[in-house]
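The file protein22.tsv comes next; it holds TSV, C-alpha atoms and all ligand atoms.
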```tsv
chain	number	residue	atom	x	y	z
I	267	LYS	CA	0.00	0.00	0.00
I	268	ARG	CA	1.27	3.47	-0.81
I	269	PRO	CA	1.85	6.04	1.92
I	270	THR	CA	-1.07	8.35	2.64
I	271	LEU	CA	-0.94	11.95	1.48
I	272	LYS	CA	-0.44	13.00	5.09
I	273	THR	CA	2.58	10.68	5.34
I	274	MET	CA	3.91	11.90	1.98
I	275	ILE	CA	3.76	15.48	3.26
I	276	ALA	CA	5.40	14.57	6.56
I	277	SER	CA	8.19	12.68	4.78
I	278	GLY	CA	9.79	15.92	3.62
I	279	ARG	CA	9.66	15.20	-0.10
I	280	CYS	CA	8.32	17.67	-2.63
I	281	ILE	CA	4.96	16.62	-4.06
I	282	GLY	CA	4.43	17.57	-7.70
I	283	ALA	CA	0.71	17.99	-8.29
I	284	ALA	CA	-1.40	18.37	-11.42
I	285	TRP	CA	-4.16	20.96	-10.94
I	286	PHE	CA	-7.56	20.69	-12.61
I	287	SER	CA	-10.12	23.45	-13.03
I	288	LEU	CA	-11.93	22.63	-16.25
I	289	GLY	CA	-14.37	20.11	-14.79
I	290	SER	CA	-13.35	17.45	-17.30
I	291	ALA	CA	-12.77	13.91	-16.06
I	292	ALA	CA	-11.61	13.04	-19.59
I	293	LEU	CA	-8.87	15.63	-19.29
I	294	VAL	CA	-7.80	14.25	-15.92
I	295	GLU	CA	-7.69	10.75	-17.42
I	296	LEU	CA	-5.41	11.92	-20.24
I	297	ALA	CA	-3.17	13.76	-17.80
I	298	LEU	CA	-2.77	10.65	-15.62
I	299	LYS	CA	-0.25	9.43	-18.16
I	300	SER	CA	2.14	11.99	-16.63
I	301	GLU	CA	1.93	10.08	-13.29
I	302	PRO	CA	1.64	13.12	-11.01
I	303	ASP	CA	2.39	12.63	-7.32
I	304	ALA	CA	-1.06	14.02	-6.56
I	305	ILE	CA	-4.06	15.55	-8.25
I	306	VAL	CA	-5.81	18.72	-7.18
I	307	ILE	CA	-9.44	19.28	-8.09
I	308	ASP	CA	-10.33	22.95	-7.77
I	309	MET	CA	-13.87	23.41	-6.50
I	310	GLN	CA	-13.30	27.08	-5.63
I	311	HIS	CA	-12.66	28.52	-9.08
I	312	GLY	CA	-12.97	25.37	-11.18
I	313	LEU	CA	-16.02	24.15	-13.10
I	314	TRP	CA	-16.52	20.94	-11.08
I	315	ASP	CA	-19.82	20.13	-9.51
I	316	ARG	CA	-20.39	17.57	-6.80
I	317	ARG	CA	-21.36	14.65	-9.03
I	318	GLU	CA	-18.36	15.20	-11.29
I	319	LEU	CA	-16.13	15.34	-8.24
I	320	GLU	CA	-17.45	12.01	-7.02
I	321	ALA	CA	-16.97	10.48	-10.49
I	322	VAL	CA	-13.47	11.82	-11.08
I	323	ILE	CA	-12.20	10.62	-7.70
I	324	GLY	CA	-13.62	7.19	-8.45
I	325	MET	CA	-11.72	7.13	-11.74
I	326	VAL	CA	-8.28	8.14	-10.43
I	327	PRO	CA	-6.22	5.04	-9.58
I	328	SER	CA	-5.67	4.55	-5.87
I	329	ARG	CA	-1.90	5.02	-6.24
I	330	ILE	CA	-2.49	8.75	-6.80
I	331	PRO	CA	-3.94	10.81	-3.95
I	332	VAL	CA	-6.61	13.37	-4.76
I	333	ILE	CA	-6.66	16.71	-2.99
I	334	VAL	CA	-9.69	18.98	-3.28
I	335	ARG	CA	-9.31	22.74	-3.11
I	336	VAL	CA	-12.66	23.43	-1.51
I	337	ALA	CA	-14.85	26.42	-2.34
I	338	GLU	CA	-14.78	27.83	1.18
I	339	ASN	CA	-13.98	27.08	4.77
I	340	THR	CA	-17.29	25.50	5.76
I	341	ALA	CA	-18.40	22.13	7.14
I	342	LEU	CA	-20.36	21.47	3.94
I	343	ALA	CA	-17.60	22.29	1.45
I	344	ILE	CA	-14.95	20.33	3.36
I	345	GLY	CA	-17.26	17.46	4.36
I	346	THR	CA	-18.54	16.82	0.85
I	347	ALA	CA	-15.04	16.88	-0.65
I	348	LEU	CA	-13.92	14.30	1.89
I	349	ASP	CA	-17.08	12.22	1.44
I	350	ALA	CA	-16.23	12.04	-2.27
I	351	GLY	CA	-12.94	10.40	-1.33
I	352	ALA	CA	-10.44	13.26	-1.16
I	353	GLU	CA	-7.38	12.43	0.93
I	354	GLY	CA	-6.77	16.04	1.69
I	355	VAL	CA	-8.30	19.46	1.39
I	356	ILE	CA	-6.78	22.79	0.46
I	357	VAL	CA	-8.77	25.48	2.24
I	358	PRO	CA	-8.63	28.93	0.60
I	359	LEU	CA	-8.30	32.38	2.16
I	360	VAL	CA	-7.40	31.41	5.73
I	361	GLU	CA	-6.65	34.61	7.65
I	362	SER	CA	-6.46	33.71	11.34
I	363	ALA	CA	-5.75	30.90	13.78
I	364	LYS	CA	-9.49	30.78	14.45
I	365	GLU	CA	-10.21	30.09	10.79
I	366	ALA	CA	-7.44	27.51	10.63
I	367	ARG	CA	-8.89	25.73	13.67
I	368	ALA	CA	-12.30	25.73	12.00
I	369	ALA	CA	-10.81	24.07	8.89
I	370	VAL	CA	-9.31	21.30	11.03
I	371	ARG	CA	-12.60	20.83	12.88
I	372	HIS	CA	-14.57	20.54	9.63
I	373	ALA	CA	-12.17	17.85	8.38
I	374	LEU	CA	-12.28	15.56	11.42
I	375	TYR	CA	-15.01	13.41	12.89
I	376	PRO	CA	-15.86	13.79	16.58
I	377	PRO	CA	-14.32	13.89	19.12
I	378	HIS	CA	-11.68	15.98	17.35
I	379	GLY	CA	-13.97	17.79	14.97
I	380	ASN	CA	-17.51	18.29	13.74
I	381	ARG	CA	-17.44	16.45	10.42
I	382	SER	CA	-20.76	14.74	9.78
I	383	GLY	CA	-20.78	11.04	8.93
I	384	GLY	CA	-22.33	10.08	5.61
I	385	GLY	CA	-21.81	10.37	1.89
I	386	VAL	CA	-21.84	7.47	-0.54
I	387	ARG	CA	-18.24	6.28	-0.73
I	388	PRO	CA	-17.52	6.31	3.03
I	389	LEU	CA	-20.67	4.30	3.75
I	390	LYS	CA	-19.44	1.35	1.68
I	391	ASP	CA	-17.44	0.34	4.75
I	392	PHE	CA	-17.99	3.09	7.24
I	393	GLN	CA	-16.25	1.50	10.19
I	394	SER	CA	-12.93	1.13	8.44
I	395	TYR	CA	-13.36	4.52	6.74
I	396	VAL	CA	-13.80	6.25	10.09
I	397	ALA	CA	-10.80	4.36	11.46
I	398	GLY	CA	-8.61	5.91	8.77
I	399	ALA	CA	-10.26	9.31	8.61
I	400	ASP	CA	-7.84	10.96	11.00
I	401	GLY	CA	-5.30	10.50	8.19
I	402	ILE	CA	-6.92	13.30	6.16
I	403	ALA	CA	-4.47	16.06	5.27
I	404	VAL	CA	-5.56	19.61	6.08
I	405	ILE	CA	-3.79	22.23	3.99
I	406	VAL	CA	-4.62	25.87	4.63
I	407	MET	CA	-3.96	28.63	2.14
I	408	ILE	CA	-2.30	31.88	3.09
I	409	GLU	CA	-3.05	34.23	0.24
I	410	THR	CA	-4.03	37.60	1.66
I	411	GLU	CA	-2.28	40.40	3.51
I	412	LYS	CA	-4.32	39.55	6.61
I	413	GLY	CA	-3.29	35.89	6.36
I	414	LEU	CA	0.31	36.97	5.91
I	415	ASP	CA	0.12	39.02	9.12
I	416	ALA	CA	-1.36	36.04	10.97
I	417	ALA	CA	1.04	33.47	9.46
I	418	GLU	CA	2.78	32.58	12.73
I	419	ASP	CA	-0.54	32.04	14.55
I	420	ILE	CA	-1.95	29.96	11.69
I	421	ILE	CA	1.17	27.78	11.53
I	422	ALA	CA	0.91	27.06	15.26
I	423	VAL	CA	-2.58	25.56	14.95
I	424	ASP	CA	-2.79	21.86	15.82
I	425	GLY	CA	-3.93	19.55	13.03
I	426	ILE	CA	-2.66	21.60	10.09
I	427	ASP	CA	-0.47	19.50	7.77
I	428	MET	CA	0.71	22.22	5.42
I	429	VAL	CA	0.44	25.88	4.50
I	430	PHE	CA	-0.09	26.53	0.81
I	431	ILE	CA	0.65	29.94	-0.68
I	432	GLY	CA	-1.83	31.26	-3.22
I	433	THR	CA	0.44	33.41	-5.30
I	434	GLY	CA	-2.33	34.92	-7.43
I	435	ASP	CA	-4.53	36.11	-4.58
I	436	LEU	CA	-1.55	37.18	-2.54
I	437	SER	CA	-0.38	39.51	-5.30
I	438	LEU	CA	-3.94	40.85	-5.71
I	439	SER	CA	-4.23	41.42	-1.97
I	440	LEU	CA	-0.89	43.22	-1.81
I	441	GLY	CA	-1.74	45.37	-4.81
I	442	ALA	CA	1.16	43.76	-6.63
I	443	PHE	CA	-0.84	42.43	-9.56
I	444	PRO	CA	-0.19	42.02	-12.51
I	445	ILE	CA	3.52	42.70	-12.11
I	446	HIS	CA	4.99	40.36	-9.54
I	447	ARG	CA	6.50	43.13	-7.54
I	448	HIS	CA	9.29	42.65	-5.08
I	449	ASP	CA	6.93	42.80	-2.05
I	450	HIS	CA	5.04	39.79	-3.39
I	451	THR	CA	8.24	37.76	-3.61
I	452	VAL	CA	9.19	38.94	-0.13
I	453	ALA	CA	5.75	37.98	1.20
I	454	CYS	CA	6.12	34.42	-0.16
I	455	ALA	CA	9.60	34.18	1.35
I	456	ASP	CA	8.27	35.47	4.70
I	457	ILE	CA	5.52	32.85	4.81
I	458	HIS	CA	8.00	30.14	3.83
I	459	LYS	CA	10.41	31.33	6.53
I	460	ALA	CA	7.68	31.35	9.19
I	461	CYS	CA	6.75	27.81	8.15
I	462	ARG	CA	10.34	26.62	8.44
I	463	ALA	CA	10.61	28.20	11.90
I	464	GLY	CA	7.41	26.40	12.95
I	465	TYR	CA	8.42	23.08	11.33
I	466	MET	CA	5.40	23.40	9.04
I	467	PRO	CA	5.62	22.11	5.46
I	468	CYS	CA	4.94	24.89	2.97
I	469	GLY	CA	3.62	24.56	-0.57
I	470	ILE	CA	3.09	27.14	-3.27
I	471	PHE	CA	0.89	27.52	-6.33
I	472	THR	CA	3.22	27.62	-9.31
I	473	GLY	CA	1.14	26.40	-12.22
I	474	ARG	CA	3.96	25.92	-14.69
I	475	PRO	CA	6.75	23.34	-14.78
I	476	GLU	CA	9.59	25.88	-14.85
I	477	PHE	CA	8.31	27.66	-11.70
I	478	ALA	CA	7.55	24.35	-10.00
I	479	THR	CA	11.17	23.23	-10.42
I	480	VAL	CA	12.47	26.48	-8.96
I	481	ALA	CA	10.04	26.24	-6.02
I	482	ARG	CA	11.11	22.66	-5.33
I	483	GLY	CA	14.72	23.87	-5.23
I	484	GLN	CA	13.68	26.51	-2.69
I	485	GLY	CA	12.32	23.83	-0.39
I	486	TYR	CA	8.59	24.09	-1.05
I	487	ARG	CA	6.90	20.76	-0.40
I	488	LEU	CA	3.84	20.92	-2.65
I	489	VAL	CA	4.07	22.56	-6.05
I	490	THR	CA	1.74	22.58	-9.02
I	491	ILE	CA	3.61	21.26	-12.03
I	492	ALA	CA	0.85	22.07	-14.47
I	493	ASN	CA	-2.76	23.15	-14.55
I	494	ASP	CA	-5.28	22.25	-17.20
I	495	ILE	CA	-6.28	25.79	-18.20
I	496	ASP	CA	-2.69	26.79	-18.89
I	497	MET	CA	-1.76	23.49	-20.57
I	498	VAL	CA	-4.70	23.52	-22.96
I	499	GLN	CA	-4.48	27.20	-23.83
I	500	ARG	CA	-0.73	27.20	-24.26
I	501	SER	CA	-0.75	24.07	-26.45
I	502	PHE	CA	-3.39	25.53	-28.75
I	503	VAL	CA	-1.63	28.88	-28.98
I	504	GLU	CA	1.72	27.23	-29.72
I	505	ALA	CA	0.25	24.92	-32.37
I	506	ALA	CA	-1.54	27.76	-34.12
I	507	LYS	CA	1.56	29.92	-33.98
I	508	ARG	CA	3.66	27.16	-35.52
I	509	PHE	CA	1.12	26.79	-38.30
I	510	ARG	CA	1.00	30.50	-39.05
I	511	ASP	CA	4.74	31.14	-38.79
I	512	PRO	CA	6.31	27.85	-39.85
P	1	LIG	C1	-3.98	31.60	-5.94
P	1	LIG	O1	-2.93	31.68	-6.58
P	1	LIG	O2	-4.54	32.57	-5.41
P	1	LIG	C2	-4.61	30.31	-5.80
P	1	LIG	O3	-5.57	30.20	-5.07
P	1	LIG	C3	-4.10	29.17	-6.59
P	1	LIG	O4	-4.95	28.98	-7.67
P	2	MG	MG	-6.44	31.96	-4.46
```
Would you write the structure of this file as C-alpha cells?
Amino acid sequence: KRPTLKTMIASGRCIGAAWFSLGSAALVELALKSEPDAIVIDMQHGLWDRRELEAVIGMVPSRIPVIVRVAENTALAIGTALDAGAEGVIVPLVESAKEARAAVRHALYPPHGNRSGGGVRPLKDFQSYVAGADGIAVIVMIETEKGLDAAEDIIAVDGIDMVFIGTGDLSLSLGAFPIHRHDHTVACADIHKACRAGYMPCGIFTGRPEFATVARGQGYRLVTIANDIDMVQRSFVEAAKRFRDP
C-alpha cells in the first residue's frame, strides 16, 4: 500500500501535483499518463460540480492521492469533498488561527472535529473509513495580507499539515498584480520562513513546470507542475503559432 498523502507530506519530499479546473474527467484521465504525485481538483474557481467530483475521484487510480481545493472554509464544502474520497483538502483564504482551527474541525469526525458522517463512498465500509479518517491532510492557504500578518498564529494551529501559498490572490491582496513586484516575492519568502521556523511544510501555487522546479529547489513541499487551463491554452496557442509562422 502506498503512503497516505499525510505521510507523503510529513516525509519531507516535494509533491508535484497536477491541478484541474476545467471540470473534465476526460482531461484528468489523459493527464494521468504523466503520473503526477497528486491531483488537485479545484472546487473554488474550477467548473466541477459535486457529481463530477465524485466520479473523477472514483476514476483516479488509488496510487495517486486526490486533494480537493474546496470552495470555502465550511463544514459542507470540506465534508462533501472528503465524502467524495479526497485524501486532503486545500482550504482557501485562511486569515487567522481561528479560521485555521475551523478548517481542522470541519475535516475531522468527533471527538476531534464536527465532520458529519455520511456520503456514498464512506458508507461502503464506514467503520474502516472512520478508522482511517484521521489521516486526512488539512492544507490551509495563506493568500491575503491579513493571512500573511497572521502566518505565525496559523502555523501554530494543531492539526494543520501544510500551509499553501496562493500566489495569485496574494499579489492581488498586496496590490502587486499584474507585475509580480518585489513585495510579493518577499511575502512568499516570509511565509516560507515562518513555516520553516514552525516546522510546518509549505507549498506554493506555481502552475507551470519551470516555476515548479524552482520552487522545489527553494524547499517548497507541494508545487503545481501544471494546470489544465494553462496546458490547454498554451498548447493551442503554440500549435496555431507554428502553423501561421512555420
Ligand atoms: C492563488 O494563486 O490565489 C490560488 O488560489 C491558486 O490557484
Ligand atoms: Mg487563491
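Going from CA of Gly345 (chain I) over to CA of Leu296 (chain I), you cover 27.9 Å.
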**OP:** Quick one: everything within 7 Å of Ala492 (chain I), counting all atoms listed in the file, minus sequence neighbours fewer than 6 positions away in the same chain. Send it as a PyMOL selection string.
**Re:** chain I and resi 284-285+473-475
Original post:
Got a sec: who's within 10 Å of region 412-421 of chain I, counting all atoms listed in the file, leaving out chain neighbours fewer than 6 positions off, as number ranges by chain?
Top reply: I: 359-367, 406, 427-429, 431, 436, 439-440, 453-454, 456-468
Store the residues picked out above, limited to C-alpha atoms, as a short mmCIF file (atom, residue, chain, number, x, y, z; two decimals), in the coordinates of the input.
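Result file part06.cif:
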```
data_model
loop_
_atom_site.label_atom_id
_atom_site.label_comp_id
_atom_site.auth_asym_id
_atom_site.auth_seq_id
_atom_site.Cartn_x
_atom_site.Cartn_y
_atom_site.Cartn_z
CA LEU I 359 -8.30 32.38 2.16
CA VAL I 360 -7.40 31.41 5.73
CA GLU I 361 -6.65 34.61 7.65
CA SER I 362 -6.46 33.71 11.34
CA ALA I 363 -5.75 30.90 13.78
CA LYS I 364 -9.49 30.78 14.45
CA GLU I 365 -10.21 30.09 10.79
CA ALA I 366 -7.44 27.51 10.63
CA ARG I 367 -8.89 25.73 13.67
CA VAL I 406 -4.62 25.87 4.63
CA ASP I 427 -0.47 19.50 7.77
CA MET I 428 0.71 22.22 5.42
CA VAL I 429 0.44 25.88 4.50
CA ILE I 431 0.65 29.94 -0.68
CA LEU I 436 -1.55 37.18 -2.54
CA SER I 439 -4.23 41.42 -1.97
CA LEU I 440 -0.89 43.22 -1.81
CA ALA I 453 5.75 37.98 1.20
CA CYS I 454 6.12 34.42 -0.16
CA ASP I 456 8.27 35.47 4.70
CA ILE I 457 5.52 32.85 4.81
CA HIS I 458 8.00 30.14 3.83
CA LYS I 459 10.41 31.33 6.53
CA ALA I 460 7.68 31.35 9.19
CA CYS I 461 6.75 27.81 8.15
CA ARG I 462 10.34 26.62 8.44
CA ALA I 463 10.61 28.20 11.90
CA GLY I 464 7.41 26.40 12.95
CA TYR I 465 8.42 23.08 11.33
CA MET I 466 5.40 23.40 9.04
CA PRO I 467 5.62 22.11 5.46
CA CYS I 468 4.94 24.89 2.97
#
```
Subject >> Shell of 6 Å around ligand LIG 1 (chain P) (all atoms listed in the file), written as an NGL selection string >> reply: :I and (432-435 or 471)
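Between ligand MG 2 (chain P) and the candidates I:Pro358, I:Gly483, I:Pro512, I:Gly379, the tightest atom-to-atom separation, counting all atoms listed in the file, involves I:Pro358.
Near Ile470 (chain I), within 8 Å and counting only C-alpha atoms, sit I:Phe430, I:Ile431, I:Gly432, I:Thr433, I:Ala481, I:Tyr486, I:Arg487, I:Leu488, I:Val489, I:Thr490, not including residues fewer than 5 positions from it in the same chain.
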